[in-house]
Amino acid sequence: MSQSAKGSYKITNWSKYNESLVNRGSITFWFDEEMLAHWQHDNAEVKVGRPFTYSDRCIETLLVLRELFQLPYRQTEGLARSLLGLMKVDVPLPDFTSLAKRAAKLNIDLGVVRRSGSLHIVVDSTGLKVFGDGEWKVRKYGPGKRRTWRKLHLAIDPDTQEIVAETLTENNTIDATEAPTLLDQIPGKIKSFRGDGAYDKWLVYNALADRRITAIIPPQKNARIKRHGNAAGPTLSRDATIRAIRRFGRSEWKRQVGYHRRSLAETGMHRIKMTFGDGLKNRKLENQRTEARLRCKILNQHTRLGLPDSKWN
């Protein structure tokens, strides 16, 4: 329960939600007999070089355990070895080197549950530290020269709080340039796109217009109308937003279009950092991308296990 001066939220499904929190740490949920049945690679596709020994599902499962318990590759191998021993299963086990090599080329499906009807998405980005000084040292001595990070870009369904698309880029990437890539990852019809002022770029508006998606993006405060009423051509959605803000005010416009649902993107960022920390363990970008995508998939699994049902008092 969280309280404020105006009231409080009360969780009405605490028993069910509490059980979902317990199950998130259950090894049997991730490491079961069905997974062991698909442990070895079938090598149905012809490839150059030595055939794979371990299936993608085997590698992904071990990497999931690595992310859940925040382990290095060697300790992940040790955990898997002990689990196989306890289960008395005699199967070959990939070593830490194989895990790292396969992780760089692994295709991770986010495991999003398909829903009927149109989808509304909220987007945002956050930084994940790769290497650098800890918070205490930065506060005391200032940031060091080798401090760097990556940008995680997320598209979230506000109705289910599932992450429906993600990309990981270097820290100098502009948020707006990743919007088309996020949209391309999402199958089906998208009804609306909510983003903050960082997405107020024609690159984004054009991508949304091509897909017939409603843009709910606050323009910059000094924004000007591009195509006036007496000009030829269709009305631009950004121009319509500017006119609405001039007429009703920015706060009222946000209320009318439901812009504040975009805050659920920030909630998703917070959940990732609370669950996995604010840093990445891998040093190579291709491995970092797999690491970030696995975290999003795990978070989607957590979401389906159960979320709090809060009521405002």
# chains A, B, ... in the order shown; residues from 1 in each chain; ligands from 1
>>> residues_around(residues="Ile216 (chain A)", least_positions_apart="3", cutoff="10 Å", atoms="only C-alpha atoms", output="number ranges by chain")
A: 122, 192-196, 199-200, 205, 213, 219, 237-238, 241, 254, 257-259, 262
>>> residues_around(residues="Glu291 (chain A)", least_positions_apart="6", cutoff="8 Å", atoms="only C-alpha atoms", output="MDAnalysis selection string")
chainID A and resid 67 280 282
>>> atom_distance(atom1="CA of Phe96 (chain A)", atom2="CA of Asn23 (chain A)")
26.9 Å
>>> select_by_dssp(residues="region 106-285 of chain A", states="strand (DSSP E or B)", output="VMD selection string")
chain A and resid 119 to 131 148 to 156 163 to 170 190 to 194 214 to 216 279
>>> closest_atom_pairs(of="region 175-264 of chain A", to="region 151-163 of chain A", cutoff="9 Å", atoms="only C-alpha atoms", output="JSON lines")
{"residue": "A:Asp175", "atom": "CA", "partner": "A:His153", "partner_atom": "CA", "distance": 7.4}
{"residue": "A:Glu178", "atom": "CA", "partner": "A:His153", "partner_atom": "CA", "distance": 7.4}
{"residue": "A:Ala179", "atom": "CA", "partner": "A:His153", "partner_atom": "CA", "distance": 8.6}
{"residue": "A:Leu182", "atom": "CA", "partner": "A:Ala155", "partner_atom": "CA", "distance": 6.7}
{"residue": "A:Leu183", "atom": "CA", "partner": "A:Ala155", "partner_atom": "CA", "distance": 8.3}
{"residue": "A:Arg261", "atom": "CA", "partner": "A:Pro158", "partner_atom": "CA", "distance": 7.0}
{"residue": "A:Arg262", "atom": "CA", "partner": "A:Pro158", "partner_atom": "CA", "distance": 7.9}
{"residue": "A:Leu264", "atom": "CA", "partner": "A:Pro158", "partner_atom": "CA", "distance": 6.2}
>>> write_last_selection(atoms="C-alpha atoms", output="PDB file, in the first residue's frame")
ATOM      1  CA  ASP A 175      15.551   8.169 -29.007  1.00  0.00           C
ATOM      2  CA  GLU A 178      14.783   3.910 -32.709  1.00  0.00           C
ATOM      3  CA  ALA A 179      11.015   4.460 -32.978  1.00  0.00           C
ATOM      4  CA  LEU A 182      10.438  -0.637 -32.310  1.00  0.00           C
ATOM      5  CA  LEU A 183       7.350  -0.386 -34.504  1.00  0.00           C
ATOM      6  CA  ARG A 261      -0.477   6.660 -19.512  1.00  0.00           C
ATOM      7  CA  ARG A 262       3.032   7.164 -20.883  1.00  0.00           C
ATOM      8  CA  LEU A 264       3.810   3.245 -17.454  1.00  0.00           C
TER       9      LEU A 264
END
>>> closest_residue(among="A:Gly127, A:Gly85, A:Pro187, A:Gly25", to="Val112 (chain A)", atoms="only C-alpha atoms")
A:Pro187
>>> closest_residue(among="A:Lys88, A:Asp184, A:Lys297, A:Glu60", to="Thr76 (chain A)", atoms="only C-alpha atoms")
A:Glu60
>>> residues_around(residues="Arg57 (chain A)", least_positions_apart="2", cutoff="10 Å", atoms="only C-alpha atoms", output="list in words")
Met35, Leu36, His38, Trp39, Gln40, His41, Tyr54, Ser55, Ile59, Glu60, Thr61, Leu62, Leu63, Leu106 and Ile108 of chain A
>>> residues_around(residues="Pro94 (chain A)", least_positions_apart="4", cutoff="8 Å", atoms="only C-alpha atoms", output="JSON list (two decimals) with N, CA and C atoms, in the first residue's frame")
[["chain", "number", "residue", "atom", "x", "y", "z"],
["A", 54, "TYR", "N", 24.10, -28.18, -28.34],
["A", 54, "TYR", "CA", 23.03, -27.74, -27.45],
["A", 54, "TYR", "C", 22.02, -26.91, -28.23],
["A", 77, "GLU", "N", 27.50, -21.95, -15.13],
["A", 77, "GLU", "CA", 27.84, -23.34, -15.42],
["A", 77, "GLU", "C", 27.79, -24.18, -14.14],
["A", 98, "SER", "N", 31.22, -21.58, -24.25],
["A", 98, "SER", "CA", 30.14, -21.85, -25.21],
["A", 98, "SER", "C", 28.93, -20.98, -24.95],
["A", 99, "LEU", "N", 28.61, -20.76, -23.68],
["A", 99, "LEU", "CA", 27.48, -19.89, -23.35],
["A", 99, "LEU", "C", 27.68, -18.49, -23.89]]
>>> closest_residue(among="A:Phe52, A:Lys189, A:Gly78, A:Arg66", to="Ser116 (chain A)", atoms="only C-alpha atoms")
A:Lys189
>>> residues_around(residues="Leu299 (chain A)", least_positions_apart="3", cutoff="10 Å", atoms="only C-alpha atoms", output="list in words")
Arg24, Leu110, Gln161, Glu162, Ile163, Gly268, Arg271, Ile272, Thr275, Phe276, Arg293, Leu294, Arg295, Cys296, His302, Thr303, Arg304 and Leu305 of chain A
>>> write_last_selection(atoms="C-alpha atoms", output="PDB file, in the first residue's frame")
ATOM      1  CA  ARG A  24       9.346 -15.592  -9.774  1.00  0.00           C
ATOM      2  CA  LEU A 110       9.951 -11.661 -26.020  1.00  0.00           C
ATOM      3  CA  GLN A 161       2.363  -3.886 -18.961  1.00  0.00           C
ATOM      4  CA  GLU A 162       4.168  -6.336 -21.244  1.00  0.00           C
ATOM      5  CA  ILE A 163       7.249  -5.204 -23.148  1.00  0.00           C
ATOM      6  CA  GLY A 268       8.686  -0.628 -16.840  1.00  0.00           C
ATOM      7  CA  ARG A 271      10.929  -2.681 -12.751  1.00  0.00           C
ATOM      8  CA  ILE A 272      13.884  -3.722 -14.909  1.00  0.00           C
ATOM      9  CA  THR A 275      14.961  -6.670 -10.717  1.00  0.00           C
ATOM     10  CA  PHE A 276      18.307  -6.783 -12.529  1.00  0.00           C
ATOM     11  CA  ARG A 293      16.364  -8.791 -24.380  1.00  0.00           C
ATOM     12  CA  LEU A 294      16.415 -11.714 -21.952  1.00  0.00           C
ATOM     13  CA  ARG A 295      15.658  -9.329 -19.109  1.00  0.00           C
ATOM     14  CA  CYS A 296      12.630  -8.041 -21.000  1.00  0.00           C
ATOM     15  CA  HIS A 302       6.860 -12.095 -14.210  1.00  0.00           C
ATOM     16  CA  THR A 303       3.986  -9.955 -15.469  1.00  0.00           C
ATOM     17  CA  ARG A 304       1.987 -12.994 -16.555  1.00  0.00           C
ATOM     18  CA  LEU A 305       2.547 -14.676 -13.184  1.00  0.00           C
TER      19      LEU A 305
END
